[in-house]
$ cat model.cif   # mmCIF, C-alpha atoms and all ligand atoms
data_protein
loop_
_atom_site.label_atom_id
_atom_site.label_comp_id
_atom_site.auth_asym_id
_atom_site.auth_seq_id
_atom_site.Cartn_x
_atom_site.Cartn_y
_atom_site.Cartn_z
CA MET A 321 -32.63 13.31 15.44
CA THR A 322 -35.44 11.17 14.23
CA SER A 323 -35.65 7.83 15.98
CA PRO A 324 -36.18 4.71 13.87
CA LEU A 325 -39.67 4.38 15.25
CA ASP A 326 -41.09 7.52 13.69
CA VAL A 327 -39.38 7.36 10.34
CA HIS A 328 -42.74 6.40 8.82
CA SER A 329 -44.19 9.74 9.87
CA LEU A 330 -41.91 11.55 7.41
CA ALA A 331 -44.00 10.43 4.41
CA GLY A 332 -46.04 13.66 4.42
CA PRO A 333 -43.11 16.10 4.63
CA TYR A 334 -41.09 13.98 2.17
CA SER A 335 -43.86 14.12 -0.42
CA LEU A 336 -43.79 17.92 -0.18
CA ASP A 337 -39.96 18.06 -0.37
CA ALA A 338 -40.08 19.44 3.16
CA LEU A 339 -37.24 17.39 4.61
CA ASP A 340 -33.70 18.69 4.97
CA ASP A 341 -30.97 16.80 3.09
CA ILE A 342 -30.14 14.44 5.94
CA GLU A 343 -33.69 13.40 6.69
CA ARG A 344 -34.40 13.06 2.97
CA GLU A 345 -31.53 10.58 2.63
CA LEU A 346 -32.70 8.75 5.71
CA PHE A 347 -36.24 8.48 4.43
CA GLU A 348 -35.19 7.44 0.94
CA ASP A 349 -33.21 4.61 2.49
CA HIS A 350 -36.23 3.74 4.58
CA ILE A 351 -38.75 3.46 1.74
CA ILE A 352 -36.58 0.93 -0.03
CA ALA A 353 -37.41 -1.50 2.72
CA CYS A 354 -40.83 -0.18 3.76
CA GLU A 355 -43.46 -0.95 1.15
CA THR A 356 -46.12 0.79 3.25
CA CYS A 357 -44.29 4.10 3.04
CA ALA A 358 -43.37 3.51 -0.62
CA VAL A 359 -47.01 3.12 -1.58
CA GLU A 360 -48.07 6.05 0.58
CA VAL A 361 -45.40 8.30 -0.90
CA ALA A 362 -46.47 7.39 -4.45
CA GLU A 363 -50.00 8.47 -3.60
CA LEU A 364 -49.08 11.59 -1.68
CA ARG A 365 -46.64 12.69 -4.41
CA GLU A 366 -49.31 12.27 -7.04
CA THR A 367 -51.50 14.55 -4.95
CA ALA A 368 -48.72 17.02 -4.16
CA ALA A 369 -47.93 17.31 -7.88
CA MET A 370 -51.50 18.56 -8.44
CA LEU A 371 -50.46 21.65 -6.49
CA ALA A 372 -48.43 22.62 -9.55
CA GLU A 373 -51.66 23.17 -11.52
CA PRO A 374 -52.56 26.63 -10.19
CA THR A 375 -49.03 27.94 -10.74
CA TRP A 376 -49.45 27.80 -14.53
CA ALA A 377 -47.42 30.58 -16.20
CA VAL A 378 -46.31 30.51 -19.81
CA PRO A 379 -42.51 30.76 -20.10
CA PRO A 380 -40.81 33.03 -22.64
CA PRO A 381 -40.47 31.34 -26.07
CA ARG A 382 -36.68 31.49 -25.88
CA LEU A 383 -36.81 28.84 -23.17
CA LYS A 384 -38.08 26.25 -25.63
CA THR A 385 -35.41 27.23 -28.13
CA ALA A 386 -32.73 26.87 -25.48
CA VAL A 387 -34.06 23.54 -24.23
CA MET A 388 -34.39 22.04 -27.70
CA ALA A 389 -30.87 23.14 -28.56
CA GLN A 390 -29.49 21.62 -25.38
CA ILE A 391 -31.21 18.25 -25.59
CA SER A 392 -30.11 17.54 -29.13
CA GLY A 393 -26.57 17.35 -27.79
CA THR A 394 -27.46 15.51 -24.59
CA ARG A 395 -27.16 11.77 -24.23
CA GLN A 396 -30.05 9.94 -22.65
CA SER A 397 -29.58 7.59 -19.71
CA LEU A 398 -30.29 3.99 -20.51
CA PRO A 399 -33.75 2.91 -19.41
CA SER A 400 -32.27 0.68 -16.76
CA MET A 401 -34.33 -1.52 -14.48
CA ARG A 402 -37.66 -0.91 -16.12
CA PRO A 403 -40.26 -3.59 -15.56
CA PRO A 404 -40.95 -4.38 -19.26
CA THR A 405 -37.41 -5.49 -19.92
CA ARG A 406 -37.19 -7.62 -16.77
CA ARG A 407 -33.48 -7.71 -17.23
CA THR A 408 -32.25 -7.18 -13.73
CA PRO A 409 -28.72 -6.08 -12.97
CA ALA A 410 -28.10 -9.45 -11.37
CA LEU A 411 -29.32 -11.35 -14.40
CA ARG A 412 -27.26 -9.24 -16.72
CA TRP A 413 -24.30 -10.01 -14.58
CA ARG A 414 -25.02 -13.73 -14.75
CA HIS A 415 -24.55 -13.74 -18.50
CA ARG A 416 -21.21 -12.06 -18.19
CA SER A 417 -19.68 -13.80 -15.31
CA ARG A 418 -17.31 -16.73 -15.57
CA SER A 419 -15.83 -17.10 -12.11
CA LEU A 420 -16.64 -20.25 -10.16
CA VAL A 421 -17.73 -18.46 -7.02
CA ALA A 422 -19.94 -16.30 -9.12
CA ALA A 423 -21.39 -19.33 -10.86
CA GLY A 424 -22.17 -20.85 -7.49
CA VAL A 425 -24.15 -17.85 -6.36
CA ALA A 426 -25.71 -17.09 -9.72
CA ALA A 427 -28.83 -19.15 -9.14
CA VAL A 428 -29.38 -17.66 -5.71
CA VAL A 429 -28.94 -14.15 -6.97
CA ALA A 430 -31.08 -14.73 -10.03
CA ALA A 431 -33.86 -16.02 -7.80
CA ALA A 432 -33.66 -12.87 -5.71
CA GLY A 433 -32.99 -10.61 -8.70
CA VAL A 434 -36.56 -9.52 -9.01
CA TYR A 435 -36.38 -8.07 -5.53
CA VAL A 436 -33.44 -5.92 -6.43
CA VAL A 437 -35.54 -4.42 -9.17
CA GLN A 438 -38.51 -3.82 -6.94
CA GLU A 439 -36.43 -2.25 -4.24
CA LEU A 440 -34.20 -0.14 -6.40
CA ARG A 441 -37.00 1.09 -8.63
CA LEU A 442 -38.26 3.22 -5.78
CA ARG A 443 -35.20 5.38 -5.90
CA ASP A 444 -34.90 5.24 -9.67
CA GLN A 445 -34.64 8.98 -9.91
CA ARG A 446 -31.45 8.92 -7.98
CA ILE A 447 -28.00 8.17 -9.20
CA VAL A 448 -27.59 6.19 -6.00
CA ALA A 449 -29.68 3.39 -7.47
CA GLN A 450 -27.23 2.87 -10.28
CA ALA A 451 -24.29 3.27 -7.97
CA GLU A 452 -25.73 0.63 -5.67
CA THR A 453 -26.42 -1.74 -8.55
CA ALA A 454 -22.85 -1.27 -9.68
CA ARG A 455 -21.61 -1.95 -6.15
CA ILE A 456 -23.65 -5.13 -5.91
CA GLU A 457 -22.22 -6.27 -9.20
CA SER A 458 -18.67 -5.46 -8.13
CA VAL A 459 -19.00 -7.56 -4.97
CA LEU A 460 -20.45 -10.51 -6.88
CA THR A 461 -17.71 -10.40 -9.47
CA ALA A 462 -14.81 -9.49 -7.16
CA PRO A 463 -11.78 -11.76 -7.60
CA ASP A 464 -11.72 -12.42 -3.87
CA ALA A 465 -15.49 -13.03 -3.54
CA LYS A 466 -16.42 -15.77 -1.08
CA LEU A 467 -19.78 -17.47 -0.99
CA ARG A 468 -21.26 -18.85 2.20
CA ALA A 469 -24.79 -20.09 2.81
CA VAL A 470 -26.76 -21.46 5.74
CA ASN A 471 -30.31 -22.65 6.34
CA VAL A 472 -32.63 -20.34 8.22
CA ASP A 473 -34.42 -21.65 11.31
CA GLY A 474 -37.93 -22.50 10.24
CA GLY A 475 -37.09 -22.60 6.53
CA GLY A 476 -35.34 -20.67 3.79
CA ARG A 477 -31.72 -19.95 3.05
CA LEU A 478 -29.38 -17.06 3.80
CA THR A 479 -26.52 -16.58 1.36
CA VAL A 480 -23.66 -14.13 1.81
CA VAL A 481 -21.10 -13.14 -0.78
CA THR A 482 -18.25 -11.15 0.77
CA SER A 483 -15.35 -9.31 -0.75
CA ASP A 484 -12.74 -8.28 1.81
CA ASN A 485 -11.00 -6.12 -0.76
CA ARG A 486 -14.17 -4.14 -1.31
CA ASP A 487 -15.13 -4.36 2.38
CA GLU A 488 -18.67 -5.19 1.27
CA ALA A 489 -21.06 -8.10 1.18
CA VAL A 490 -24.21 -8.98 -0.72
CA VAL A 491 -26.72 -10.78 1.48
CA VAL A 492 -29.50 -12.78 -0.12
CA LEU A 493 -32.43 -14.16 1.82
CA ALA A 494 -34.60 -16.66 -0.03
CA ASP A 495 -37.91 -18.23 0.92
CA ALA A 496 -37.81 -17.68 4.66
CA THR A 497 -41.00 -18.09 6.68
CA GLU A 498 -43.26 -15.11 7.41
CA PRO A 499 -41.74 -13.07 10.24
CA GLY A 500 -45.21 -12.51 11.76
CA PRO A 501 -47.51 -9.47 12.02
CA ASP A 502 -45.62 -6.16 12.34
CA LYS A 503 -42.30 -8.00 12.32
CA ALA A 504 -39.42 -7.98 9.89
CA TYR A 505 -36.12 -9.74 9.36
CA GLN A 506 -33.11 -7.67 10.42
CA LEU A 507 -29.46 -8.33 9.60
CA TRP A 508 -26.57 -7.86 12.01
CA LEU A 509 -22.81 -7.72 11.74
CA ILE A 510 -21.18 -9.08 14.85
CA GLN A 511 -17.62 -8.32 15.80
CA GLY A 512 -16.62 -9.65 19.19
CA SER A 513 -19.84 -9.39 21.15
CA THR A 514 -21.09 -6.13 19.63
CA PRO A 515 -23.90 -6.44 17.06
CA LYS A 516 -24.36 -3.65 14.55
CA SER A 517 -27.48 -3.42 12.38
CA ALA A 518 -26.71 -4.27 8.77
CA GLY A 519 -30.12 -3.74 7.23
CA LEU A 520 -33.81 -4.28 7.74
CA LEU A 521 -36.12 -6.06 5.35
CA ALA A 522 -39.67 -4.90 4.75
CA PRO A 523 -42.37 -6.31 7.02
CA ASP A 524 -43.57 -9.61 5.56
CA GLN A 525 -40.59 -9.74 3.23
CA VAL A 526 -39.31 -13.31 3.10
CA SER A 527 -36.88 -12.99 0.19
CA GLY A 528 -34.63 -10.09 -0.64
CA MET A 529 -31.17 -8.72 -1.15
CA ARG A 530 -29.07 -6.22 0.77
CA LEU A 531 -25.70 -4.64 0.17
CA VAL A 532 -23.78 -4.45 3.44
CA SER A 533 -20.68 -2.32 3.96
CA GLY A 534 -17.94 -2.56 6.54
CA VAL A 535 -17.64 -6.35 6.67
CA ARG A 536 -13.88 -6.60 6.82
CA GLY A 537 -12.79 -8.01 10.15
CA THR A 538 -16.35 -8.93 11.11
CA ASN A 539 -16.82 -12.43 12.53
CA ILE A 540 -20.47 -13.16 11.91
CA LEU A 541 -23.47 -12.01 9.92
CA ALA A 542 -26.65 -12.88 11.78
CA MET A 543 -30.37 -12.49 11.19
CA THR A 544 -33.16 -12.05 13.74
CA ILE A 545 -36.86 -11.20 13.69
CA GLU A 546 -37.52 -7.70 15.04
CA PRO A 547 -40.40 -5.20 15.20
CA ALA A 548 -41.19 -3.86 11.71
CA ALA A 549 -39.42 -0.56 12.37
CA GLY A 550 -36.21 -2.34 13.34
CA SER A 551 -34.28 -2.55 16.61
CA LEU A 552 -31.06 -0.96 17.79
CA VAL A 553 -29.83 -4.29 19.17
CA PRO A 554 -31.12 -7.82 18.50
CA THR A 555 -34.05 -8.57 20.79
CA THR A 556 -34.86 -12.14 19.76
CA SER A 557 -32.95 -15.35 19.14
CA VAL A 558 -30.84 -15.68 16.02
CA LYS A 559 -32.62 -17.26 13.04
CA ALA A 560 -29.50 -17.73 10.97
CA GLN A 561 -25.84 -16.94 11.28
CA VAL A 562 -23.03 -17.04 8.76
CA PRO A 563 -19.39 -17.04 9.89
CA LEU A 564 -17.48 -14.52 7.78
CA THR A 565 -13.96 -15.59 8.66
CA GLY A 566 -12.06 -18.68 7.63
CA MET B 839 -39.85 40.74 -15.85
CA ARG B 840 -43.30 40.67 -17.29
CA SER B 841 -42.09 42.11 -20.57
CA GLU B 842 -40.26 38.88 -21.29
CA ASP B 843 -43.38 36.85 -21.04
CA ARG B 844 -45.47 36.54 -24.10
CA ALA B 845 -48.75 34.82 -24.57
CA THR B 846 -48.40 31.69 -26.62
CA ARG B 847 -51.05 29.15 -27.38
CA VAL B 848 -50.58 26.05 -25.38
CA PRO B 849 -51.54 23.12 -27.58
CA SER B 850 -53.66 20.43 -26.04
CA PRO B 851 -52.60 16.84 -26.58
CA THR B 852 -54.72 14.68 -28.82
CA ALA B 853 -56.41 11.66 -27.30
CA ASP B 854 -53.78 9.14 -28.38
CA GLU B 855 -51.02 11.40 -27.21
CA SER B 856 -51.23 11.05 -23.48
CA ALA B 857 -48.37 12.44 -21.44
CA GLU B 858 -47.35 8.85 -20.73
CA ALA B 859 -47.25 7.92 -24.43
CA LEU B 860 -45.24 11.02 -25.23
CA LEU B 861 -42.78 10.30 -22.46
CA ARG B 862 -42.25 6.77 -23.75
CA ALA B 863 -41.47 8.20 -27.17
CA VAL B 864 -39.09 10.67 -25.52
CA ALA B 865 -37.35 7.78 -23.79
CA ALA B 866 -36.77 6.27 -27.22
CA GLY B 867 -35.01 9.47 -28.31
CA ASP B 868 -37.87 11.09 -30.25
CA GLU B 869 -37.11 14.83 -30.24
CA GLN B 870 -40.45 15.77 -31.82
CA ALA B 871 -42.29 13.94 -29.07
CA PHE B 872 -40.14 15.83 -26.60
CA ALA B 873 -41.14 19.13 -28.20
CA ARG B 874 -44.81 18.23 -27.77
CA PHE B 875 -44.20 17.07 -24.22
CA TYR B 876 -42.51 20.40 -23.57
CA ASP B 877 -45.59 22.23 -24.82
CA LEU B 878 -47.73 20.13 -22.54
CA VAL B 879 -45.85 20.66 -19.26
CA SER B 880 -43.62 23.72 -19.61
CA ALA B 881 -46.15 26.25 -18.32
CA ARG B 882 -46.51 24.29 -15.11
CA VAL B 883 -42.80 23.51 -14.75
CA TYR B 884 -41.92 27.16 -15.25
CA GLY B 885 -44.87 28.39 -13.22
CA LEU B 886 -44.02 26.13 -10.32
CA ALA B 887 -40.35 27.16 -10.35
CA ARG B 888 -41.41 30.78 -10.49
CA ARG B 889 -43.82 30.39 -7.61
CA VAL B 890 -41.19 28.75 -5.40
CA LEU B 891 -38.28 30.99 -6.42
CA ARG B 892 -40.22 34.27 -6.84
CA ASP B 893 -37.78 35.19 -9.55
CA ALA B 894 -38.41 34.90 -13.28
CA ALA B 895 -34.76 34.58 -14.33
CA GLN B 896 -34.01 31.82 -11.81
CA ALA B 897 -37.26 30.09 -12.71
CA GLU B 898 -36.23 30.03 -16.34
CA GLU B 899 -32.88 28.45 -15.45
CA VAL B 900 -34.50 25.83 -13.27
CA ALA B 901 -37.16 25.07 -15.89
CA GLN B 902 -34.43 24.52 -18.45
CA GLU B 903 -32.53 22.16 -16.12
CA VAL B 904 -35.73 20.26 -15.41
CA MET B 905 -36.68 19.81 -19.06
CA VAL B 906 -33.18 18.62 -19.93
CA GLU B 907 -33.34 16.18 -17.02
CA VAL B 908 -36.69 14.94 -18.37
CA TRP B 909 -35.03 14.29 -21.71
CA ARG B 910 -32.10 12.54 -20.09
CA THR B 911 -34.00 10.33 -17.67
CA ALA B 912 -37.31 9.68 -19.46
CA GLY B 913 -36.33 6.01 -19.63
CA ARG B 914 -36.60 5.76 -15.88
CA PHE B 915 -40.19 6.93 -15.70
CA ASP B 916 -42.28 4.12 -14.24
CA GLN B 917 -45.96 4.33 -15.04
CA THR B 918 -46.90 1.98 -12.23
CA ARG B 919 -45.62 4.53 -9.72
CA GLY B 920 -47.62 7.50 -10.93
CA SER B 921 -48.53 9.72 -13.86
CA ALA B 922 -46.07 11.29 -16.29
CA THR B 923 -47.04 14.79 -15.24
CA SER B 924 -46.55 14.14 -11.55
CA TRP B 925 -43.18 12.59 -12.36
CA VAL B 926 -42.13 15.81 -14.09
CA PHE B 927 -43.54 18.13 -11.45
CA THR B 928 -41.82 16.10 -8.74
CA ILE B 929 -38.49 16.65 -10.49
CA ALA B 930 -39.31 20.33 -11.01
CA HIS B 931 -40.40 20.88 -7.43
CA ARG B 932 -37.34 19.28 -5.93
CA ARG B 933 -35.02 21.31 -8.16
CA ALA B 934 -36.81 24.54 -7.34
CA VAL B 935 -36.76 23.80 -3.63
CA ASP B 936 -33.09 22.84 -3.67
CA ARG B 937 -32.33 26.08 -5.48
CA VAL B 938 -34.36 28.28 -3.18
CA ARG B 939 -32.72 26.72 -0.13
CA SER B 940 -29.19 27.11 -1.44
CA GLU B 941 -29.60 30.61 -2.81
CA GLN B 942 -31.94 32.33 -0.45
CA ALA B 943 -31.04 32.45 3.20
CA GLY B 944 -33.74 31.53 5.71
CA ALA B 945 -34.26 35.05 7.02
CA ASP B 946 -34.56 36.38 3.52
CA ARG B 947 -37.24 33.86 2.72
CA VAL B 948 -39.17 34.69 5.84
CA ARG B 949 -39.27 38.30 4.70
CA ARG B 950 -40.57 37.16 1.34
CA LEU B 951 -43.30 35.32 3.13
CA VAL B 952 -46.01 37.80 2.27
CA PRO B 953 -49.11 35.76 1.59
CA GLU B 954 -49.62 36.10 -2.10
CA ALA B 955 -53.25 35.62 -2.84
CA GLU B 956 -53.16 35.71 -6.62
CA GLN B 957 -49.67 36.14 -7.88
CA THR B 958 -50.26 33.92 -10.87
CA PRO B 959 -49.95 36.25 -13.81
CA HIS B 960 -53.32 35.79 -15.44
CA ASP B 961 -52.61 38.23 -18.19
CA ILE B 962 -50.01 36.00 -19.75
CA VAL B 963 -51.85 32.79 -19.29
CA VAL B 964 -53.63 31.18 -22.15
CA GLU B 965 -55.24 28.07 -20.86
CA GLU B 966 -57.35 25.32 -22.21
CA ALA B 967 -60.61 24.45 -20.54
CA ALA B 968 -59.46 21.20 -18.97
CA ALA B 969 -56.40 22.79 -17.42
CA LYS B 970 -58.53 25.60 -16.07
CA MET B 971 -60.89 23.15 -14.42
CA GLU B 972 -57.95 21.37 -12.87
CA ARG B 973 -56.62 24.64 -11.43
CA GLU B 974 -60.00 25.57 -10.10
CA SER B 975 -60.51 22.22 -8.41
CA VAL B 976 -57.11 22.44 -6.72
CA ARG B 977 -58.01 25.89 -5.40
CA ARG B 978 -61.43 24.68 -4.31
CA CYS B 979 -60.02 21.58 -2.60
CA LEU B 980 -57.32 23.57 -0.81
CA LYS B 981 -60.16 25.52 0.77
CA THR B 982 -61.64 22.33 2.23
CA LEU B 983 -58.54 21.80 4.38
CA THR B 984 -58.22 23.05 7.93
CA VAL B 985 -56.25 26.27 8.26
CA LEU B 986 -53.28 24.44 9.75
CA GLN B 987 -53.29 21.73 7.06
CA ARG B 988 -53.48 24.34 4.32
CA GLU B 989 -50.76 26.56 5.74
CA ALA B 990 -48.42 23.66 6.43
CA ILE B 991 -48.82 22.34 2.89
CA THR B 992 -48.61 25.64 1.05
CA LEU B 993 -45.62 26.91 3.05
CA ALA B 994 -43.77 23.71 2.24
CA TYR B 995 -44.84 23.31 -1.36
CA TYR B 996 -45.03 26.85 -2.65
CA SER B 997 -42.29 28.41 -0.54
CA GLY B 998 -39.92 25.49 -0.11
CA TYR B 999 -39.76 25.48 3.69
CA THR B 1000 -38.76 22.33 5.56
CA TYR B 1001 -41.32 21.03 8.02
CA ARG B 1002 -39.05 22.22 10.84
CA GLU B 1003 -39.17 25.76 9.45
CA VAL B 1004 -42.90 25.44 8.97
CA ALA B 1005 -43.29 24.39 12.60
CA GLN B 1006 -41.37 27.49 13.63
CA LEU B 1007 -43.30 29.80 11.33
CA LEU B 1008 -46.63 28.46 12.52
CA ASP B 1009 -45.46 28.12 16.13
CA THR B 1010 -46.69 24.54 16.15
CA ALA B 1011 -45.16 21.31 17.46
CA LEU B 1012 -43.11 19.26 14.99
CA PRO B 1013 -45.18 16.05 15.19
CA THR B 1014 -48.32 18.09 14.59
CA VAL B 1015 -46.87 19.68 11.48
CA LYS B 1016 -45.76 16.30 10.09
CA THR B 1017 -49.21 14.89 10.71
CA ARG B 1018 -51.05 17.88 9.25
CA MET B 1019 -48.97 17.66 6.08
CA ARG B 1020 -49.86 14.02 5.71
CA ASP B 1021 -53.55 14.18 6.56
CA GLY B 1022 -53.90 17.43 4.62
CA LEU B 1023 -52.54 15.72 1.51
CA ILE B 1024 -54.87 12.79 2.09
CA ARG B 1025 -57.86 15.09 2.35
CA LEU B 1026 -56.71 16.88 -0.78
CA ARG B 1027 -56.35 13.56 -2.57
CA ASP B 1028 -59.87 12.52 -1.62
CA CYS B 1029 -61.26 15.87 -2.74
CA LEU B 1030 -59.40 15.75 -6.07
CA GLY B 1031 -59.96 12.06 -6.65
CA VAL B 1032 -56.30 11.41 -7.34
CA GLU B 1033 -55.47 7.77 -7.98
CA VAL B 1034 -52.31 5.81 -8.47
CA ALA B 1035 -52.52 2.62 -10.49
CA ALA B 1036 -51.42 -0.27 -8.31
ZN ZN C 1 -42.26 3.20 6.61
#
$ encode --input "model.cif" --output "structure tokens"
Amino acid sequence: MTSPLDVHSLAGPYSLDALDDIERELFEDHIIACETCAVEVAELRETAAMLAEPTWAVPPPRLKTAVMAQISGTRQSLPSMRPPTRRTPALRWRHRSRSLVAAGVAAVVAAAGVYVVQELRLRDQRIVAQAETARIESVLTAPDAKLRAVNVDGGGRLTVVTSDNRDEAVVVLADATEPGPDKAYQLWLIQGSTPKSAGLLAPDQVSGMRLVSGVRGTNILAMTIEPAAGSLVPTTSVKAQVPLTG
Amino acid sequence: MRSEDRATRVPSPTADESAEALLRAVAAGDEQAFARFYDLVSARVYGLARRVLRDAAQAEEVAQEVMVEVWRTAGRFDQTRGSATSWVFTIAHRRAVDRVRSEQAGADRVRRLVPEAEQTPHDIVVEEAAAKMERESVRRCLKTLTVLQREAITLAYYSGYTYREVAQLLDTALPTVKTRMRDGLIRLRDCLGVEVAA
């Protein structure tokens, strides 16, 4: 399988739809956090799409008839998460929510809301984006949601909203210090003494939001600074840790 | 299969009707704008599906799915991430590739892998000057690539092979194929002058 270190090198094949399903999923998860690859893919896709030009062949007229007939009965998806509206899922949720825990985290989430948009926009063409937005919302509005926050070493704040019932957490990092050249913040779930990666932010990303699954029964969520491609185990000292029990 | 194809005039968009403007109108539910957008892109959506699938009937099905998806998801098009046409062709290409992979077994596709120099059916193509120039420049720029870059890119894009299959077909190491796809696309981009608004 592809090791984390050469995930970046899949940008070319991805732009040509030359990955199998598994690697495609892997890479689409990767470009959410990797702005370098996201920008490169946008450019390479624009170029790859030019390859459609020489294939020009006029379809039979009945195709247009069939398409027009079908669309007039087809509902359009809402133009969710488009930049002009600036109404992020998190902000929309803020208007709706009444719970106290939710109110406590609202400001934090609203501050990071813009990052959700930026990150999710990259996979806009996938249903996953909407599913993930919905999952984030469900955690934030879960009846058993718990909010915990700690300061990050060197500056910034790490906030975690967990729902044991949903077995998920929303992690919000705000205004941390620069991780350094070719470094990135990485999240860890720690149960006993075994750390498990829970997400990698983009290099240079100092604020952001992650949905983390499998939190039930986990003792600690921790954050370290790792090489930009991520590590399999934490290799530096912990910058922030949030106890998830009690 | 040719008998089903009929030459139709492909209207060119007026200046204030860019693909992006049309797509915005489509997102707002404008069926007439969608009809004009269809006229603008359908020959390339269908042509691309036909090139990848090598089958007119399947290409027609895929083209229909793609155009309906365009109608459904036009609201998600993001101009800052690329042009409206590349957005559509990206959807079309992925659908065609997914279809060819699920319906045509690997061995079957290898047999189909007869280099087709000019399979584009010129006789049914009515093209406007700008589109013709675009086609010609893509052909010309493809020729500026190294043989390995060109083969890696065309096997993936026009035949729907994964880079692993391409590596096998070209008897070349995996990392090399990945790299040739990337630097081949970059060379192509520089030759075509493709830009993405930041
Ligand atoms: Zn990357």
$ axis_aligned_box --input "model.cif" --around "segment 922-938 of chain B" --padding-each-side "4 Å" --output "JSON"
{"center_x": -39.7, "center_y": 19.8, "center_z": -9.7, "size_x": 22.7, "size_y": 25.0, "size_z": 21.1}
$ residues_near_ligand --input "model.cif" --ligand "ligand ZN 1 (chain C)" --cutoff "7 Å" --atoms "all atoms listed in the file" --output "MDAnalysis selection string"
chainID A and resid 327:328 350:351 354:357
$ interface_residues --input "model.cif" --of "chain A" --to "chain B" --cutoff "8 Å" --atoms "all atoms listed in the file" --output "number ranges by chain"
A: 329-333, 336-340, 362-381, 383-384, 386-388, 390-392, 394-402, 444-445
$ residues_around --input "model.cif" --residues "Gly474 of chain A" --least-positions-apart "5" --cutoff "8 Å" --atoms "only C-alpha atoms" --output "MDAnalysis selection string"
chainID A and resid 496:497 559
$ atom_distance --input "model.cif" --atom1 "atom CA of Glu348 of chain A" --atom2 "atom CA of Ser335 of chain A"
11.0 Å
$ atom_distance --input "model.cif" --atom1 "atom CA of Val459 of chain A" --atom2 "atom CA of Glu488 of chain A"
6.7 Å
$ residues_around --input "model.cif" --residues "Ser517 of chain A" --least-positions-apart "5" --cutoff "9 Å" --atoms "all atoms listed in the file" --output "list in words"
Gln506, Leu507, Trp508, Leu509, Ile510, Gly550, Ser551, Leu552, Val553 and Pro554 of chain A
$ write_last_selection --input "model.cif" --atoms "C-alpha atoms" --output "PDB file, keeping the file's coordinate frame"
ATOM      1  CA  GLN A 506     -33.110  -7.670  10.420  1.00  0.00           C
ATOM      2  CA  LEU A 507     -29.460  -8.330   9.600  1.00  0.00           C
ATOM      3  CA  TRP A 508     -26.570  -7.860  12.010  1.00  0.00           C
ATOM      4  CA  LEU A 509     -22.810  -7.720  11.740  1.00  0.00           C
ATOM      5  CA  ILE A 510     -21.180  -9.080  14.850  1.00  0.00           C
ATOM      6  CA  GLY A 550     -36.210  -2.340  13.340  1.00  0.00           C
ATOM      7  CA  SER A 551     -34.280  -2.550  16.610  1.00  0.00           C
ATOM      8  CA  LEU A 552     -31.060  -0.960  17.790  1.00  0.00           C
ATOM      9  CA  VAL A 553     -29.830  -4.290  19.170  1.00  0.00           C
ATOM     10  CA  PRO A 554     -31.120  -7.820  18.500  1.00  0.00           C
TER      11      PRO A 554
END
$ residues_around --input "model.cif" --residues "segment 527-539 of chain A" --least-positions-apart "5" --cutoff "6 Å" --atoms "all atoms listed in the file" --output "PDB file with C-alpha atoms, in the frame of the given file"
ATOM      1  CA  ALA A 432     -33.660 -12.870  -5.710  1.00  0.00           C
ATOM      2  CA  TYR A 435     -36.380  -8.070  -5.530  1.00  0.00           C
ATOM      3  CA  ASP A 484     -12.740  -8.280   1.810  1.00  0.00           C
ATOM      4  CA  ASP A 487     -15.130  -4.360   2.380  1.00  0.00           C
ATOM      5  CA  GLU A 488     -18.670  -5.190   1.270  1.00  0.00           C
ATOM      6  CA  ALA A 489     -21.060  -8.100   1.180  1.00  0.00           C
ATOM      7  CA  VAL A 490     -24.210  -8.980  -0.720  1.00  0.00           C
ATOM      8  CA  VAL A 491     -26.720 -10.780   1.480  1.00  0.00           C
ATOM      9  CA  VAL A 492     -29.500 -12.780  -0.120  1.00  0.00           C
ATOM     10  CA  LEU A 493     -32.430 -14.160   1.820  1.00  0.00           C
ATOM     11  CA  ALA A 494     -34.600 -16.660  -0.030  1.00  0.00           C
ATOM     12  CA  ASP A 495     -37.910 -18.230   0.920  1.00  0.00           C
ATOM     13  CA  ILE A 510     -21.180  -9.080  14.850  1.00  0.00           C
ATOM     14  CA  GLN A 511     -17.620  -8.320  15.800  1.00  0.00           C
ATOM     15  CA  PRO A 563     -19.390 -17.040   9.890  1.00  0.00           C
ATOM     16  CA  LEU A 564     -17.480 -14.520   7.780  1.00  0.00           C
ATOM     17  CA  THR A 565     -13.960 -15.590   8.660  1.00  0.00           C
TER      18      THR A 565
END
$ atom_distance --input "model.cif" --atom1 "atom CA of Val480 of chain A" --atom2 "atom CA of Ala462 of chain A"
13.4 Å
$ closest_residue --input "model.cif" --among "B:Leu891, B:Leu878, B:Ser856, B:Cys1029" --to "Ser940 of chain B" --atoms "all atoms listed in the file"
B:Leu891
